[in-house]
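Source file: run_34.cif (mmCIF, N, CA, C and O atoms)
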```cif
data_model
loop_
_atom_site.group_PDB
_atom_site.id
_atom_site.type_symbol
_atom_site.label_atom_id
_atom_site.label_comp_id
_atom_site.auth_asym_id
_atom_site.auth_seq_id
_atom_site.Cartn_x
_atom_site.Cartn_y
_atom_site.Cartn_z
ATOM 1 N N MET N 1 0.844 -1.162 0.000
ATOM 2 C CA MET N 1 0.000 0.000 0.000
ATOM 3 C C MET N 1 0.896 1.235 0.000
ATOM 4 O O MET N 1 1.815 1.350 0.800
ATOM 5 N N SER N 2 0.608 2.133 -0.898
ATOM 6 C CA SER N 2 1.444 3.325 -1.002
ATOM 7 C C SER N 2 0.942 4.411 -0.057
ATOM 8 O O SER N 2 -0.179 4.373 0.439
ATOM 9 N N LEU N 3 1.778 5.387 0.149
ATOM 10 C CA LEU N 3 1.447 6.487 1.052
ATOM 11 C C LEU N 3 0.261 7.291 0.529
ATOM 12 O O LEU N 3 -0.588 7.731 1.297
ATOM 13 N N SER N 4 0.166 7.472 -0.784
ATOM 14 C CA SER N 4 -0.949 8.239 -1.332
ATOM 15 C C SER N 4 -2.269 7.476 -1.209
ATOM 16 O O SER N 4 -3.333 8.072 -1.136
ATOM 17 N N THR N 5 -2.237 6.160 -1.167
ATOM 18 C CA THR N 5 -3.453 5.375 -1.004
ATOM 19 C C THR N 5 -3.981 5.519 0.424
ATOM 20 O O THR N 5 -5.166 5.661 0.649
ATOM 21 N N MET N 6 -3.079 5.536 1.414
ATOM 22 C CA MET N 6 -3.498 5.625 2.811
ATOM 23 C C MET N 6 -4.097 6.998 3.123
ATOM 24 O O MET N 6 -5.003 7.109 3.928
ATOM 25 N N THR N 7 -3.620 8.028 2.491
ATOM 26 C CA THR N 7 -4.096 9.375 2.798
ATOM 27 C C THR N 7 -5.132 9.860 1.793
ATOM 28 O O THR N 7 -5.520 11.021 1.830
ATOM 29 N N LEU N 8 -5.568 8.994 0.916
ATOM 30 C CA LEU N 8 -6.557 9.310 -0.109
ATOM 31 C C LEU N 8 -6.129 10.484 -0.973
ATOM 32 O O LEU N 8 -6.903 11.381 -1.295
ATOM 33 N N GLY N 9 -4.860 10.524 -1.308
ATOM 34 C CA GLY N 9 -4.361 11.523 -2.221
ATOM 35 C C GLY N 9 -3.878 12.809 -1.560
ATOM 36 O O GLY N 9 -3.306 13.657 -2.207
ATOM 37 N N ARG N 10 -4.140 12.977 -0.280
ATOM 38 C CA ARG N 10 -3.660 14.183 0.397
ATOM 39 C C ARG N 10 -2.189 14.023 0.737
ATOM 40 O O ARG N 10 -1.728 12.939 1.054
ATOM 41 N N SER N 11 -1.483 15.111 0.679
ATOM 42 C CA SER N 11 -0.067 15.029 1.036
ATOM 43 C C SER N 11 0.094 15.257 2.533
ATOM 44 O O SER N 11 -0.681 15.983 3.163
ATOM 45 N N LEU N 12 1.075 14.619 3.113
ATOM 46 C CA LEU N 12 1.361 14.774 4.531
ATOM 47 C C LEU N 12 2.461 15.809 4.717
ATOM 48 O O LEU N 12 3.421 15.831 3.958
ATOM 49 N N PRO N 13 2.344 16.662 5.703
ATOM 50 C CA PRO N 13 3.445 17.598 5.956
ATOM 51 C C PRO N 13 4.669 16.839 6.424
ATOM 52 O O PRO N 13 4.552 15.819 7.110
ATOM 53 N N ALA N 14 5.822 17.319 6.023
ATOM 54 C CA ALA N 14 7.058 16.643 6.380
ATOM 55 C C ALA N 14 7.293 16.711 7.888
ATOM 56 O O ALA N 14 7.792 15.766 8.485
ATOM 57 N N GLU N 15 6.916 17.792 8.480
ATOM 58 C CA GLU N 15 7.160 17.966 9.907
ATOM 59 C C GLU N 15 6.015 18.778 10.494
ATOM 60 O O GLU N 15 5.584 19.766 9.925
ATOM 61 N N LYS N 16 5.512 18.356 11.630
ATOM 62 C CA LYS N 16 4.422 19.103 12.259
ATOM 63 C C LYS N 16 5.033 20.257 13.048
ATOM 64 O O LYS N 16 5.745 20.060 14.005
ATOM 65 N N GLY N 17 4.724 21.473 12.627
ATOM 66 C CA GLY N 17 5.220 22.659 13.310
ATOM 67 C C GLY N 17 4.075 23.432 13.922
ATOM 68 O O GLY N 17 2.910 23.185 13.631
ATOM 69 N N GLY N 18 4.406 24.375 14.789
ATOM 70 C CA GLY N 18 3.384 25.198 15.408
ATOM 71 C C GLY N 18 2.821 26.197 14.419
ATOM 72 O O GLY N 18 3.506 26.676 13.518
ATOM 73 N N SER N 19 1.570 26.506 14.575
ATOM 74 C CA SER N 19 0.953 27.472 13.676
ATOM 75 C C SER N 19 1.231 28.882 14.172
ATOM 76 O O SER N 19 1.592 29.099 15.327
ATOM 77 N N ARG N 20 1.047 29.853 13.297
ATOM 78 C CA ARG N 20 1.258 31.253 13.687
ATOM 79 C C ARG N 20 0.202 31.688 14.686
ATOM 80 O O ARG N 20 0.479 32.472 15.588
ATOM 81 N N VAL N 21 -1.011 31.164 14.542
ATOM 82 C CA VAL N 21 -2.077 31.511 15.480
ATOM 83 C C VAL N 21 -1.738 30.952 16.871
ATOM 84 O O VAL N 21 -1.905 31.632 17.887
ATOM 85 N N GLY N 22 -1.269 29.738 16.896
ATOM 86 C CA GLY N 22 -0.876 29.141 18.178
ATOM 87 C C GLY N 22 0.253 29.904 18.839
ATOM 88 O O GLY N 22 0.252 30.116 20.048
ATOM 89 N N ALA N 23 1.215 30.344 18.042
ATOM 90 C CA ALA N 23 2.330 31.130 18.579
ATOM 91 C C ALA N 23 1.844 32.482 19.088
ATOM 92 O O ALA N 23 2.308 32.964 20.128
ATOM 93 N N ALA N 24 0.882 33.078 18.385
ATOM 94 C CA ALA N 24 0.348 34.372 18.827
ATOM 95 C C ALA N 24 -0.409 34.227 20.143
ATOM 96 O O ALA N 24 -0.249 35.050 21.050
ATOM 97 N N PHE N 25 -1.229 33.182 20.264
ATOM 98 C CA PHE N 25 -1.947 32.954 21.519
ATOM 99 C C PHE N 25 -0.988 32.630 22.657
ATOM 100 O O PHE N 25 -1.208 33.035 23.800
ATOM 101 N N SER N 26 0.063 31.904 22.355
ATOM 102 C CA SER N 26 1.056 31.590 23.374
ATOM 103 C C SER N 26 1.753 32.858 23.868
ATOM 104 O O SER N 26 1.921 33.050 25.071
ATOM 105 N N ALA N 27 2.125 33.735 22.938
ATOM 106 C CA ALA N 27 2.769 34.991 23.322
ATOM 107 C C ALA N 27 1.803 35.871 24.114
ATOM 108 O O ALA N 27 2.195 36.503 25.102
ATOM 109 N N LEU N 28 0.541 35.886 23.710
ATOM 110 C CA LEU N 28 -0.469 36.655 24.432
ATOM 111 C C LEU N 28 -0.647 36.108 25.847
ATOM 112 O O LEU N 28 -0.727 36.874 26.814
ATOM 113 N N GLY N 29 -0.685 34.818 25.977
ATOM 114 C CA GLY N 29 -0.818 34.195 27.294
ATOM 115 C C GLY N 29 0.368 34.504 28.189
ATOM 116 O O GLY N 29 0.203 34.823 29.372
ATOM 117 N N HIS N 30 1.579 34.426 27.632
ATOM 118 C CA HIS N 30 2.778 34.732 28.419
ATOM 119 C C HIS N 30 2.798 36.188 28.865
ATOM 120 O O HIS N 30 3.169 36.484 30.006
ATOM 121 N N SER N 31 2.393 37.087 27.986
ATOM 122 C CA SER N 31 2.392 38.506 28.375
ATOM 123 C C SER N 31 1.319 38.779 29.417
ATOM 124 O O SER N 31 1.518 39.598 30.321
ATOM 125 N N PHE N 32 0.179 38.103 29.343
ATOM 126 C CA PHE N 32 -0.867 38.270 30.345
ATOM 127 C C PHE N 32 -0.388 37.782 31.714
ATOM 128 O O PHE N 32 -0.586 38.455 32.732
ATOM 129 N N VAL N 33 0.263 36.635 31.744
ATOM 130 C CA VAL N 33 0.781 36.093 33.004
ATOM 131 C C VAL N 33 1.847 37.023 33.579
ATOM 132 O O VAL N 33 1.868 37.280 34.785
ATOM 133 N N ALA N 34 2.717 37.556 32.735
ATOM 134 C CA ALA N 34 3.751 38.483 33.205
ATOM 135 C C ALA N 34 3.134 39.763 33.769
ATOM 136 O O ALA N 34 3.593 40.278 34.800
ATOM 137 N N ALA N 35 2.080 40.270 33.144
ATOM 138 C CA ALA N 35 1.408 41.474 33.642
ATOM 139 C C ALA N 35 0.743 41.211 34.985
ATOM 140 O O ALA N 35 0.805 42.056 35.888
ATOM 141 N N GLN N 36 0.121 40.063 35.131
ATOM 142 C CA GLN N 36 -0.515 39.727 36.402
ATOM 143 C C GLN N 36 0.521 39.541 37.512
ATOM 144 O O GLN N 36 0.294 39.939 38.656
ATOM 145 N N GLN N 37 1.661 38.955 37.182
ATOM 146 C CA GLN N 37 2.723 38.775 38.174
ATOM 147 C C GLN N 37 3.289 40.121 38.598
ATOM 148 O O GLN N 37 3.552 40.349 39.775
ATOM 149 N N ALA N 38 3.474 41.038 37.654
ATOM 150 C CA ALA N 38 3.977 42.374 37.978
ATOM 151 C C ALA N 38 2.985 43.112 38.873
ATOM 152 O O ALA N 38 3.385 43.791 39.831
ATOM 153 N N ARG N 39 1.707 42.977 38.603
ATOM 154 C CA ARG N 39 0.683 43.613 39.444
ATOM 155 C C ARG N 39 0.704 43.028 40.850
ATOM 156 O O ARG N 39 0.642 43.757 41.841
ATOM 157 N N ALA N 40 0.798 41.716 40.952
ATOM 158 C CA ALA N 40 0.854 41.071 42.270
ATOM 159 C C ALA N 40 2.087 41.531 43.042
ATOM 160 O O ALA N 40 2.007 41.789 44.250
ATOM 161 N N ASP N 41 3.218 41.652 42.352
ATOM 162 C CA ASP N 41 4.441 42.130 43.011
ATOM 163 C C ASP N 41 4.260 43.547 43.538
ATOM 164 O O ASP N 41 4.698 43.866 44.647
ATOM 165 N N ARG N 42 3.617 44.413 42.743
ATOM 166 C CA ARG N 42 3.387 45.799 43.180
ATOM 167 C C ARG N 42 2.477 45.860 44.403
ATOM 168 O O ARG N 42 2.665 46.693 45.278
ATOM 169 N N VAL N 43 1.494 44.986 44.467
ATOM 170 C CA VAL N 43 0.563 44.998 45.596
ATOM 171 C C VAL N 43 1.221 44.444 46.858
ATOM 172 O O VAL N 43 1.038 44.975 47.954
ATOM 173 N N VAL N 44 2.010 43.410 46.740
ATOM 174 C CA VAL N 44 2.582 42.717 47.891
ATOM 175 C C VAL N 44 3.836 43.407 48.433
ATOM 176 O O VAL N 44 4.121 43.325 49.626
ATOM 177 N N ARG N 45 4.563 44.097 47.569
ATOM 178 C CA ARG N 45 5.851 44.676 47.960
ATOM 179 C C ARG N 45 5.786 45.566 49.210
ATOM 180 O O ARG N 45 6.624 45.417 50.103
ATOM 181 N N PRO N 46 4.815 46.479 49.360
ATOM 182 C CA PRO N 46 4.773 47.297 50.577
ATOM 183 C C PRO N 46 4.553 46.477 51.845
ATOM 184 O O PRO N 46 5.088 46.799 52.907
ATOM 185 N N TYR N 47 3.776 45.405 51.741
ATOM 186 C CA TYR N 47 3.559 44.542 52.900
ATOM 187 C C TYR N 47 4.845 43.811 53.273
ATOM 188 O O TYR N 47 5.174 43.676 54.450
ATOM 189 N N LEU N 48 5.552 43.317 52.277
ATOM 190 C CA LEU N 48 6.818 42.633 52.545
ATOM 191 C C LEU N 48 7.841 43.581 53.148
ATOM 192 O O LEU N 48 8.636 43.186 53.998
ATOM 193 N N ALA N 49 7.828 44.834 52.717
ATOM 194 C CA ALA N 49 8.797 45.808 53.217
ATOM 195 C C ALA N 49 8.603 46.079 54.697
ATOM 196 O O ALA N 49 9.538 46.494 55.378
ATOM 197 N N ARG N 50 7.425 45.828 55.219
ATOM 198 C CA ARG N 50 7.157 46.042 56.639
ATOM 199 C C ARG N 50 7.643 44.898 57.515
ATOM 200 O O ARG N 50 7.738 45.041 58.729
ATOM 201 N N LEU N 51 7.923 43.745 56.927
ATOM 202 C CA LEU N 51 8.357 42.592 57.710
ATOM 203 C C LEU N 51 9.806 42.737 58.148
ATOM 204 O O LEU N 51 10.630 43.301 57.427
ATOM 205 N N PRO N 52 10.140 42.195 59.323
ATOM 206 C CA PRO N 52 11.551 42.207 59.751
ATOM 207 C C PRO N 52 12.408 41.329 58.832
ATOM 208 O O PRO N 52 11.904 40.387 58.198
ATOM 209 N N GLU N 53 13.684 41.636 58.789
ATOM 210 C CA GLU N 53 14.596 40.907 57.906
ATOM 211 C C GLU N 53 14.642 39.422 58.239
ATOM 212 O O GLU N 53 14.738 38.577 57.347
ATOM 213 N N ALA N 54 14.557 39.082 59.523
ATOM 214 C CA ALA N 54 14.601 37.670 59.929
ATOM 215 C C ALA N 54 13.428 36.889 59.332
ATOM 216 O O ALA N 54 13.600 35.749 58.875
ATOM 217 N N GLU N 55 12.247 37.504 59.317
ATOM 218 C CA GLU N 55 11.087 36.819 58.740
ATOM 219 C C GLU N 55 11.228 36.657 57.230
ATOM 220 O O GLU N 55 10.849 35.629 56.676
ATOM 221 N N LEU N 56 11.769 37.677 56.571
ATOM 222 C CA LEU N 56 11.975 37.571 55.123
ATOM 223 C C LEU N 56 12.971 36.461 54.797
ATOM 224 O O LEU N 56 12.783 35.703 53.844
ATOM 225 N N LYS N 57 14.019 36.341 55.603
ATOM 226 C CA LYS N 57 14.982 35.250 55.387
ATOM 227 C C LYS N 57 14.337 33.900 55.651
ATOM 228 O O LYS N 57 14.618 32.930 54.949
ATOM 229 N N GLN N 58 13.470 33.833 56.656
ATOM 230 C CA GLN N 58 12.784 32.585 56.970
ATOM 231 C C GLN N 58 11.845 32.171 55.833
ATOM 232 O O GLN N 58 11.713 30.993 55.541
ATOM 233 N N ILE N 59 11.231 33.143 55.191
ATOM 234 C CA ILE N 59 10.351 32.864 54.058
ATOM 235 C C ILE N 59 11.155 32.335 52.873
ATOM 236 O O ILE N 59 10.668 31.546 52.077
ATOM 237 N N GLY N 60 12.415 32.762 52.768
ATOM 238 C CA GLY N 60 13.263 32.256 51.685
ATOM 239 C C GLY N 60 13.848 33.323 50.786
ATOM 240 O O GLY N 60 14.392 33.002 49.727
ATOM 241 N N PHE N 61 13.761 34.592 51.177
ATOM 242 C CA PHE N 61 14.336 35.664 50.365
ATOM 243 C C PHE N 61 15.834 35.748 50.603
ATOM 244 O O PHE N 61 16.314 35.548 51.715
ATOM 245 N N THR N 62 16.575 36.062 49.541
ATOM 246 C CA THR N 62 18.015 36.253 49.653
ATOM 247 C C THR N 62 18.298 37.689 50.085
ATOM 248 O O THR N 62 17.405 38.532 50.106
ATOM 249 N N ALA N 63 19.553 37.965 50.412
ATOM 250 C CA ALA N 63 19.934 39.311 50.852
ATOM 251 C C ALA N 63 19.690 40.343 49.742
ATOM 252 O O ALA N 63 19.253 41.464 50.011
ATOM 253 N N ASP N 64 19.956 39.967 48.492
ATOM 254 C CA ASP N 64 19.720 40.887 47.369
ATOM 255 C C ASP N 64 18.227 41.175 47.198
ATOM 256 O O ASP N 64 17.833 42.311 46.935
ATOM 257 N N GLU N 65 17.405 40.143 47.342
ATOM 258 C CA GLU N 65 15.961 40.339 47.225
ATOM 259 C C GLU N 65 15.426 41.208 48.363
ATOM 260 O O GLU N 65 14.553 42.055 48.149
ATOM 261 N N ILE N 66 15.968 41.020 49.561
ATOM 262 C CA ILE N 66 15.548 41.837 50.703
ATOM 263 C C ILE N 66 15.938 43.290 50.477
ATOM 264 O O ILE N 66 15.158 44.204 50.772
ATOM 265 N N ALA N 67 17.123 43.522 49.932
ATOM 266 C CA ALA N 67 17.544 44.900 49.631
ATOM 267 C C ALA N 67 16.608 45.533 48.606
ATOM 268 O O ALA N 67 16.264 46.713 48.720
ATOM 269 N N GLU N 68 16.179 44.768 47.613
ATOM 270 C CA GLU N 68 15.245 45.286 46.611
ATOM 271 C C GLU N 68 13.887 45.586 47.248
ATOM 272 O O GLU N 68 13.247 46.589 46.930
ATOM 273 N N ILE N 69 13.445 44.736 48.162
ATOM 274 C CA ILE N 69 12.177 44.961 48.851
ATOM 275 C C ILE N 69 12.254 46.216 49.707
ATOM 276 O O ILE N 69 11.319 47.013 49.763
ATOM 277 N N ARG N 70 13.363 46.434 50.358
ATOM 278 C CA ARG N 70 13.526 47.593 51.244
ATOM 279 C C ARG N 70 13.503 48.914 50.477
ATOM 280 O O ARG N 70 13.172 49.946 51.047
ATOM 281 N N LYS N 71 13.805 48.892 49.189
ATOM 282 C CA LYS N 71 13.730 50.112 48.379
ATOM 283 C C LYS N 71 12.304 50.639 48.312
ATOM 284 O O LYS N 71 12.082 51.823 48.145
ATOM 285 N N HIS N 72 11.342 49.758 48.452
ATOM 286 C CA HIS N 72 9.935 50.126 48.309
ATOM 287 C C HIS N 72 9.243 50.206 49.670
ATOM 288 O O HIS N 72 8.038 50.057 49.765
ATOM 289 N N ARG N 73 10.002 50.472 50.698
ATOM 290 C CA ARG N 73 9.478 50.498 52.056
ATOM 291 C C ARG N 73 8.440 51.596 52.259
ATOM 292 O O ARG N 73 7.514 51.443 53.036
ATOM 293 N N HIS N 74 8.567 52.717 51.602
ATOM 294 C CA HIS N 74 7.719 53.860 51.862
ATOM 295 C C HIS N 74 6.543 53.992 50.898
ATOM 296 O O HIS N 74 5.901 55.023 50.865
ATOM 297 N N LEU N 75 6.273 52.957 50.141
ATOM 298 C CA LEU N 75 5.094 52.985 49.275
ATOM 299 C C LEU N 75 3.842 52.805 50.128
ATOM 300 O O LEU N 75 3.857 52.087 51.128
ATOM 301 N N PRO N 76 2.765 53.455 49.779
ATOM 302 C CA PRO N 76 1.538 53.288 50.566
ATOM 303 C C PRO N 76 0.978 51.876 50.415
ATOM 304 O O PRO N 76 1.058 51.273 49.352
ATOM 305 N N VAL N 77 0.440 51.386 51.495
ATOM 306 C CA VAL N 77 -0.178 50.059 51.477
ATOM 307 C C VAL N 77 -1.578 50.211 50.882
ATOM 308 O O VAL N 77 -2.337 51.061 51.295
ATOM 309 N N VAL N 78 -1.882 49.361 49.924
ATOM 310 C CA VAL N 78 -3.188 49.399 49.262
ATOM 311 C C VAL N 78 -4.188 48.663 50.139
ATOM 312 O O VAL N 78 -4.023 47.498 50.441
ATOM 313 N N ARG N 79 -5.227 49.347 50.563
ATOM 314 C CA ARG N 79 -6.186 48.742 51.482
ATOM 315 C C ARG N 79 -7.456 48.241 50.772
ATOM 316 O O ARG N 79 -8.262 47.566 51.356
ATOM 317 N N TRP N 80 -7.651 48.594 49.538
ATOM 318 C CA TRP N 80 -8.887 48.224 48.838
ATOM 319 C C TRP N 80 -8.795 46.875 48.165
ATOM 320 O O TRP N 80 -9.751 46.392 47.607
ATOM 321 N N VAL N 81 -7.649 46.232 48.179
ATOM 322 C CA VAL N 81 -7.484 44.950 47.496
ATOM 323 C C VAL N 81 -8.128 43.852 48.286
ATOM 324 O O VAL N 81 -8.109 43.720 49.415
#
```

Final structure tokens representation of the file:
Amino acid sequence: MSLSTMTLGRSLPAEKGGSRVGAAFSALGHSFVAAQQARADRVVRPYLARLPEAELKQIGFTADEIAEIRKHRHLPVVRWV
């Protein structure tokens, strides 16, 4: 049985690749997730800045991350969230 008989005359693609629509939706999904993560970071950062350094280390933050959190110590805490 030949390949053209099995596919009823249709040709098979040599390699299955992603479609442009799929790539566009994937990029849209990644950008949406990144935007939501950035928003969550902005909301949580003032609360984290109020915690003592020992608690931040216990949670698992490194010294560099704690220094970055401390930069945002004086941001107002959002109470409507």

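With atom N of His72 in chain N on one side and atom O of Ser31 in chain N on the other, the separation reads 23.0 Å.
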
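Atom C of Leu48 in chain N lies 10.0 Å from CA of Lys71 in chain N.
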
**Message:** If I take atom N of Gln36 in chain N and atom N of Glu68 in chain N, how far is one from the other in Å, to one decimal?
**Reply:**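 Result for atom N of Gln36 in chain N versus atom N of Glu68 in chain N: 20.9 Å, one decimal.
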
With all atoms of range 27-31 of chain N from the file as input, state the centre and edge lengths in Å to one decimal of the axis-aligned box that has 8 Å extra on each side, as lines of an AutoDock Vina configuration file.
```
center_x = 1.2
center_y = 36.7
center_z = 26.6
size_x = 20.0
size_y = 21.9
size_z = 23.4
```

If we count all atoms listed in the file and set the cut-off at 5 Å, which residues sit around Pro46 in chain N, ignoring sequence neighbours fewer than 3 positions away in its own chain? Please answer as a compact mmCIF listing (two decimals) with N, CA, C and O atoms, in the coordinates of the input.
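out.txt written:
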```
# COMPACT_ATOMS: atom_id res chain seq x y z
N ARG N 42 3.62 44.41 42.74
CA ARG N 42 3.39 45.80 43.18
C ARG N 42 2.48 45.86 44.40
O ARG N 42 2.66 46.69 45.28
N VAL N 43 1.49 44.99 44.47
CA VAL N 43 0.56 45.00 45.60
C VAL N 43 1.22 44.44 46.86
O VAL N 43 1.04 44.98 47.95
N ALA N 49 7.83 44.83 52.72
CA ALA N 49 8.80 45.81 53.22
C ALA N 49 8.60 46.08 54.70
O ALA N 49 9.54 46.49 55.38
N ARG N 50 7.42 45.83 55.22
CA ARG N 50 7.16 46.04 56.64
C ARG N 50 7.64 44.90 57.52
O ARG N 50 7.74 45.04 58.73
N HIS N 72 11.34 49.76 48.45
CA HIS N 72 9.94 50.13 48.31
C HIS N 72 9.24 50.21 49.67
O HIS N 72 8.04 50.06 49.76
N LEU N 75 6.27 52.96 50.14
CA LEU N 75 5.09 52.98 49.28
C LEU N 75 3.84 52.80 50.13
O LEU N 75 3.86 52.09 51.13
```
